[in-house]
$ cat query36.cif   # mmCIF, C-alpha atoms
data_target
#
loop_
_atom_site.group_PDB
_atom_site.id
_atom_site.type_symbol
_atom_site.label_atom_id
_atom_site.label_comp_id
_atom_site.auth_asym_id
_atom_site.auth_seq_id
_atom_site.Cartn_x
_atom_site.Cartn_y
_atom_site.Cartn_z
ATOM 1 C CA MET A 1 65.104 -3.195 18.917
ATOM 2 C CA PHE A 2 61.677 -3.828 17.467
ATOM 3 C CA THR A 3 58.775 -4.770 19.738
ATOM 4 C CA LYS A 4 55.683 -6.427 18.480
ATOM 5 C CA PRO A 5 52.433 -4.527 19.242
ATOM 6 C CA PRO A 6 50.113 -6.146 21.726
ATOM 7 C CA THR A 7 47.686 -8.634 20.165
ATOM 8 C CA HIS A 8 44.700 -7.495 22.190
ATOM 9 C CA ARG A 9 44.473 -4.272 20.107
ATOM 10 C CA ARG A 10 44.172 -6.267 16.909
ATOM 11 C CA ARG A 11 41.453 -8.427 18.431
ATOM 12 C CA VAL A 12 39.452 -5.407 19.623
ATOM 13 C CA THR A 13 39.731 -3.779 16.207
ATOM 14 C CA GLY A 14 38.707 -7.037 14.533
ATOM 15 C CA LEU A 15 35.718 -7.451 16.850
ATOM 16 C CA ALA A 16 34.620 -3.862 16.187
ATOM 17 C CA ALA A 17 34.764 -4.505 12.440
ATOM 18 C CA VAL A 18 32.702 -7.696 12.814
ATOM 19 C CA ALA A 19 30.131 -5.880 14.969
ATOM 20 C CA ALA A 20 29.856 -3.019 12.464
ATOM 21 C CA THR A 21 29.417 -5.487 9.601
ATOM 22 C CA ALA A 22 26.726 -7.394 11.514
ATOM 23 C CA ALA A 23 24.870 -4.156 12.279
ATOM 24 C CA GLY A 24 25.012 -3.145 8.628
ATOM 25 C CA MET A 25 23.683 -6.523 7.528
ATOM 26 C CA THR A 26 20.814 -6.258 10.020
ATOM 27 C CA LEU A 27 19.809 -2.907 8.546
ATOM 28 C CA ALA A 28 20.160 -4.200 4.996
ATOM 29 C CA LEU A 29 17.988 -7.243 5.720
ATOM 30 C CA ALA A 30 15.271 -5.370 7.614
ATOM 31 C CA PRO A 31 11.894 -5.588 5.868
ATOM 32 C CA ALA A 32 10.626 -2.532 4.053
ATOM 33 C CA ALA A 33 8.157 -0.376 5.940
ATOM 34 C CA HIS A 34 4.543 -0.674 4.864
ATOM 35 C CA ALA A 35 2.047 2.143 4.716
ATOM 36 C CA ALA A 36 -1.533 2.011 3.552
ATOM 37 C CA PRO A 37 -2.094 3.618 0.152
ATOM 38 C CA GLY A 38 -2.649 7.370 0.288
ATOM 39 C CA ASP A 39 -3.282 10.405 -1.907
ATOM 40 C CA CYS A 40 -6.244 8.609 -3.460
ATOM 41 C CA THR A 41 -8.579 10.201 -5.974
ATOM 42 C CA VAL A 42 -11.999 8.955 -7.040
ATOM 43 C CA SER A 43 -13.597 9.576 -10.421
ATOM 44 C CA SER A 44 -16.941 8.652 -11.937
ATOM 45 C CA THR A 45 -17.751 8.454 -15.631
ATOM 46 C CA SER A 46 -20.820 7.366 -17.553
ATOM 47 C CA GLY A 47 -19.888 3.690 -17.283
ATOM 48 C CA SER A 48 -17.616 3.283 -14.270
ATOM 49 C CA VAL A 49 -16.247 4.535 -10.964
ATOM 50 C CA SER A 50 -12.524 4.341 -10.274
ATOM 51 C CA SER A 51 -9.821 5.117 -7.738
ATOM 52 C CA LEU A 52 -6.139 5.874 -8.087
ATOM 53 C CA CYS A 53 -3.740 6.049 -5.125
ATOM 54 C CA THR A 54 -0.281 7.515 -5.656
ATOM 55 C CA SER A 55 1.545 7.089 -2.328
ATOM 56 C CA GLY A 56 2.223 4.367 0.215
ATOM 57 C CA THR A 57 2.364 0.654 -0.430
ATOM 58 C CA GLY A 58 -0.217 -2.098 -0.459
ATOM 59 C CA LEU A 59 -3.464 -2.328 -2.371
ATOM 60 C CA HIS A 60 -6.624 -0.290 -2.871
ATOM 61 C CA ARG A 61 -10.020 -0.754 -4.522
ATOM 62 C CA ILE A 62 -13.014 1.407 -5.323
ATOM 63 C CA HIS A 63 -16.191 0.673 -3.334
ATOM 64 C CA ALA A 64 -19.450 2.325 -4.344
ATOM 65 C CA VAL A 65 -23.139 2.164 -3.493
ATOM 66 C CA LEU A 66 -25.459 2.898 -6.410
ATOM 67 C CA ASN A 67 -29.089 3.954 -6.282
ATOM 68 C CA PRO A 68 -31.255 1.864 -8.615
ATOM 69 C CA LEU A 69 -33.142 3.221 -11.612
ATOM 70 C CA ASP A 70 -36.371 2.190 -9.873
ATOM 71 C CA PRO A 71 -36.427 3.664 -6.331
ATOM 72 C CA ARG A 72 -38.518 0.698 -5.119
ATOM 73 C CA LEU A 73 -35.514 -1.589 -5.634
ATOM 74 C CA PRO A 74 -32.561 -1.906 -3.208
ATOM 75 C CA GLN A 75 -29.270 -0.145 -3.685
ATOM 76 C CA ARG A 76 -26.475 -1.956 -5.483
ATOM 77 C CA ILE A 77 -22.898 -2.323 -4.187
ATOM 78 C CA VAL A 78 -20.103 -2.406 -6.745
ATOM 79 C CA LEU A 79 -16.462 -3.249 -5.977
ATOM 80 C CA GLY A 80 -13.432 -2.666 -8.132
ATOM 81 C CA ASN A 81 -10.392 -4.858 -8.499
ATOM 82 C CA TRP A 82 -7.608 -4.715 -5.910
ATOM 83 C CA ALA A 83 -4.872 -2.587 -7.474
ATOM 84 C CA ALA A 84 -1.342 -1.650 -6.442
ATOM 85 C CA VAL A 85 -0.348 1.949 -5.747
ATOM 86 C CA GLY A 86 -0.054 3.761 -9.070
ATOM 87 C CA GLN A 87 -2.630 1.536 -10.774
ATOM 88 C CA THR A 88 -6.350 2.184 -11.208
ATOM 89 C CA SER A 89 -9.144 0.174 -9.578
ATOM 90 C CA THR A 90 -12.336 0.265 -11.654
ATOM 91 C CA ALA A 91 -15.906 -0.940 -11.079
ATOM 92 C CA ALA A 92 -18.773 -0.899 -13.566
ATOM 93 C CA ASN A 93 -21.519 1.674 -13.058
ATOM 94 C CA PRO A 94 -24.164 0.986 -15.691
ATOM 95 C CA TRP A 95 -26.455 3.831 -14.562
ATOM 96 C CA GLY A 96 -24.046 6.766 -14.630
ATOM 97 C CA PRO A 97 -22.584 9.218 -12.088
ATOM 98 C CA SER A 98 -25.924 10.643 -10.944
ATOM 99 C CA TYR A 99 -26.847 7.270 -9.413
ATOM 100 C CA VAL A 100 -23.797 7.059 -7.105
ATOM 101 C CA ALA A 101 -25.120 7.273 -3.519
ATOM 102 C CA SER A 102 -21.694 6.957 -1.851
ATOM 103 C CA VAL A 103 -18.180 5.982 -2.804
ATOM 104 C CA TRP A 104 -14.929 5.338 -0.940
ATOM 105 C CA VAL A 105 -11.583 3.610 -1.302
ATOM 106 C CA ASP A 106 -10.790 0.390 0.581
ATOM 107 C CA ARG A 107 -7.068 0.181 1.476
ATOM 108 C CA ILE A 108 -4.801 -2.561 2.812
ATOM 109 C CA ASP A 109 -1.062 -2.459 3.455
#
$ encode --input "query36.cif" --output "structure tokens"
Amino acid sequence: MFTKPPTHRRRVTGLAAVAATAAGMTLALAPAAHAAPGDCTVSSTSGSVSSLCTSGTGLHRIHAVLNPLDPRLPQRIVLGNWAAVGQTSTAANPWGPSYVASVWVDRID
């Protein structure tokens, strides 16, 4: 004589499969983690200052303060373009590297 298995086991197994699928979909749809750009390098040439960030996400830009040719004049602030990680941000520096008073990288994630 053959007996049919209880139906509650099939329901529990089915509910567990649905719950596992829902959990997997939640993880798959979760937004990617953001981290401010990192591992940034700054360089200065005769005509520009630039930054390059190689890790993280988001954007970065070079930010520099230049001393003027005539010390009686105020300092000049130059800003580069916002660039994604792996791309270079560049700002014009018409006076050359010896006129850079300070430089840093602005970062947003």
$ resolve_selection --input "query36.cif" --expression "the PyMOL selection byres ((chain A and resi 84-94) around 7)" --output "short mmCIF file (atom, residue, chain, number, x, y, z; two decimals) with C-alpha atoms, in the frame of the given file"
data_model
loop_
_atom_site.label_atom_id
_atom_site.label_comp_id
_atom_site.auth_asym_id
_atom_site.auth_seq_id
_atom_site.Cartn_x
_atom_site.Cartn_y
_atom_site.Cartn_z
CA PRO A 37 -2.09 3.62 0.15
CA GLY A 47 -19.89 3.69 -17.28
CA SER A 48 -17.62 3.28 -14.27
CA VAL A 49 -16.25 4.54 -10.96
CA SER A 50 -12.52 4.34 -10.27
CA SER A 51 -9.82 5.12 -7.74
CA LEU A 52 -6.14 5.87 -8.09
CA CYS A 53 -3.74 6.05 -5.12
CA THR A 54 -0.28 7.52 -5.66
CA SER A 55 1.54 7.09 -2.33
CA GLY A 56 2.22 4.37 0.22
CA THR A 57 2.36 0.65 -0.43
CA GLY A 58 -0.22 -2.10 -0.46
CA LEU A 59 -3.46 -2.33 -2.37
CA HIS A 60 -6.62 -0.29 -2.87
CA ARG A 61 -10.02 -0.75 -4.52
CA ILE A 62 -13.01 1.41 -5.32
CA VAL A 78 -20.10 -2.41 -6.74
CA LEU A 79 -16.46 -3.25 -5.98
CA GLY A 80 -13.43 -2.67 -8.13
CA ASN A 81 -10.39 -4.86 -8.50
CA TRP A 82 -7.61 -4.72 -5.91
CA ALA A 83 -4.87 -2.59 -7.47
CA TRP A 95 -26.46 3.83 -14.56
CA GLY A 96 -24.05 6.77 -14.63
#
$ closest_residue --input "query36.cif" --among "A:Ser46, A:Ala35, A:Leu73, A:His63" --to "Asp106 of chain A" --atoms "only C-alpha atoms"
A:His63
$ axis_aligned_box --input "query36.cif" --around "segment 61-75 of chain A" --padding-each-side "4 Å" --output "lines of an AutoDock Vina configuration file"
center_x = -24.3
center_y = 1.0
center_z = -7.4
size_x = 36.5
size_y = 13.9
size_z = 16.4
$ resolve_selection --input "query36.cif" --expression "the PyMOL selection byres ((chain A and resi 77) around 7)" --output "MDAnalysis selection string"
chainID A and resid 64:66 75:76 78:79
$ atom_distance --input "query36.cif" --atom1 "atom CA of Pro71 of chain A" --atom2 "atom CA of Val100 of chain A"
13.1 Å
$ atom_distance --input "query36.cif" --atom1 "atom CA of Thr45 of chain A" --atom2 "atom CA of Pro97 of chain A"
6.0 Å
$ atom_distance --input "query36.cif" --atom1 "atom CA of Arg107 of chain A" --atom2 "atom CA of Val42 of chain A"
13.2 Å
$ residues_near_point --input "query36.cif" --point "(-10.9, 9.5, -2.2)" --cutoff "8 Å" --atoms "all atoms listed in the file" --output "list in words"
Asp39, Cys40, Thr41, Val42, Ser51, Trp104 and Val105 of chain A
$ build_atoms --input "query36.cif" --residues "segment 67-89 of chain A" --atoms "N, CA and C atoms" --output "PDB file, in the frame of the given file"
ATOM      1  N   ASN A  67     -27.627   3.944  -6.361  1.00  0.00           N
ATOM      2  CA  ASN A  67     -29.089   3.954  -6.282  1.00  0.00           C
ATOM      3  C   ASN A  67     -29.628   3.298  -7.547  1.00  0.00           C
ATOM      4  N   PRO A  68     -30.707   2.538  -7.434  1.00  0.00           N
ATOM      5  CA  PRO A  68     -31.255   1.864  -8.615  1.00  0.00           C
ATOM      6  C   PRO A  68     -32.046   2.844  -9.493  1.00  0.00           C
ATOM      7  N   LEU A  69     -32.301   2.426 -10.718  1.00  0.00           N
ATOM      8  CA  LEU A  69     -33.142   3.221 -11.612  1.00  0.00           C
ATOM      9  C   LEU A  69     -34.561   3.325 -11.058  1.00  0.00           C
ATOM     10  N   ASP A  70     -35.038   2.228 -10.488  1.00  0.00           N
ATOM     11  CA  ASP A  70     -36.371   2.190  -9.873  1.00  0.00           C
ATOM     12  C   ASP A  70     -36.185   2.339  -8.360  1.00  0.00           C
ATOM     13  N   PRO A  71     -36.654   3.428  -7.764  1.00  0.00           N
ATOM     14  CA  PRO A  71     -36.427   3.664  -6.331  1.00  0.00           C
ATOM     15  C   PRO A  71     -37.052   2.612  -5.416  1.00  0.00           C
ATOM     16  N   ARG A  72     -37.912   1.759  -5.939  1.00  0.00           N
ATOM     17  CA  ARG A  72     -38.518   0.698  -5.119  1.00  0.00           C
ATOM     18  C   ARG A  72     -37.552  -0.472  -4.923  1.00  0.00           C
ATOM     19  N   LEU A  73     -36.491  -0.504  -5.713  1.00  0.00           N
ATOM     20  CA  LEU A  73     -35.514  -1.589  -5.634  1.00  0.00           C
ATOM     21  C   LEU A  73     -34.385  -1.210  -4.673  1.00  0.00           C
ATOM     22  N   PRO A  74     -33.660  -2.211  -4.152  1.00  0.00           N
ATOM     23  CA  PRO A  74     -32.561  -1.906  -3.208  1.00  0.00           C
ATOM     24  C   PRO A  74     -31.351  -1.302  -3.928  1.00  0.00           C
ATOM     25  N   GLN A  75     -30.514  -0.680  -3.142  1.00  0.00           N
ATOM     26  CA  GLN A  75     -29.270  -0.145  -3.685  1.00  0.00           C
ATOM     27  C   GLN A  75     -28.346  -1.286  -4.104  1.00  0.00           C
ATOM     28  N   ARG A  76     -27.416  -0.966  -4.954  1.00  0.00           N
ATOM     29  CA  ARG A  76     -26.475  -1.956  -5.483  1.00  0.00           C
ATOM     30  C   ARG A  76     -25.062  -1.566  -5.047  1.00  0.00           C
ATOM     31  N   ILE A  77     -24.297  -2.542  -4.565  1.00  0.00           N
ATOM     32  CA  ILE A  77     -22.898  -2.323  -4.187  1.00  0.00           C
ATOM     33  C   ILE A  77     -22.012  -2.823  -5.324  1.00  0.00           C
ATOM     34  N   VAL A  78     -21.059  -1.986  -5.724  1.00  0.00           N
ATOM     35  CA  VAL A  78     -20.103  -2.406  -6.745  1.00  0.00           C
ATOM     36  C   VAL A  78     -18.693  -2.257  -6.168  1.00  0.00           C
ATOM     37  N   LEU A  79     -17.845  -3.232  -6.458  1.00  0.00           N
ATOM     38  CA  LEU A  79     -16.462  -3.249  -5.977  1.00  0.00           C
ATOM     39  C   LEU A  79     -15.525  -3.337  -7.167  1.00  0.00           C
ATOM     40  N   GLY A  80     -14.451  -2.575  -7.101  1.00  0.00           N
ATOM     41  CA  GLY A  80     -13.432  -2.666  -8.132  1.00  0.00           C
ATOM     42  C   GLY A  80     -12.425  -3.749  -7.815  1.00  0.00           C
ATOM     43  N   ASN A  81     -11.484  -3.904  -8.700  1.00  0.00           N
ATOM     44  CA  ASN A  81     -10.392  -4.858  -8.499  1.00  0.00           C
ATOM     45  C   ASN A  81      -9.393  -4.286  -7.500  1.00  0.00           C
ATOM     46  N   TRP A  82      -8.696  -5.169  -6.772  1.00  0.00           N
ATOM     47  CA  TRP A  82      -7.608  -4.715  -5.910  1.00  0.00           C
ATOM     48  C   TRP A  82      -6.470  -4.302  -6.834  1.00  0.00           C
ATOM     49  N   ALA A  83      -5.937  -3.108  -6.620  1.00  0.00           N
ATOM     50  CA  ALA A  83      -4.872  -2.587  -7.474  1.00  0.00           C
ATOM     51  C   ALA A  83      -3.728  -2.063  -6.613  1.00  0.00           C
ATOM     52  N   ALA A  84      -2.524  -2.174  -7.128  1.00  0.00           N
ATOM     53  CA  ALA A  84      -1.342  -1.650  -6.442  1.00  0.00           C
ATOM     54  C   ALA A  84      -1.311  -0.123  -6.557  1.00  0.00           C
ATOM     55  N   VAL A  85      -0.529   0.500  -5.686  1.00  0.00           N
ATOM     56  CA  VAL A  85      -0.348   1.949  -5.747  1.00  0.00           C
ATOM     57  C   VAL A  85       0.163   2.318  -7.135  1.00  0.00           C
ATOM     58  N   GLY A  86      -0.429   3.339  -7.727  1.00  0.00           N
ATOM     59  CA  GLY A  86      -0.054   3.761  -9.070  1.00  0.00           C
ATOM     60  C   GLY A  86      -0.908   3.150 -10.160  1.00  0.00           C
ATOM     61  N   GLN A  87      -1.731   2.160  -9.818  1.00  0.00           N
ATOM     62  CA  GLN A  87      -2.630   1.536 -10.774  1.00  0.00           C
ATOM     63  C   GLN A  87      -4.066   1.887 -10.419  1.00  0.00           C
ATOM     64  N   THR A  88      -4.956   1.790 -11.388  1.00  0.00           N
ATOM     65  CA  THR A  88      -6.350   2.184 -11.208  1.00  0.00           C
ATOM     66  C   THR A  88      -7.216   0.979 -10.866  1.00  0.00           C
ATOM     67  N   SER A  89      -8.115   1.160  -9.904  1.00  0.00           N
ATOM     68  CA  SER A  89      -9.144   0.174  -9.578  1.00  0.00           C
ATOM     69  C   SER A  89     -10.445   0.687 -10.188  1.00  0.00           C
TER      70      SER A  89
END
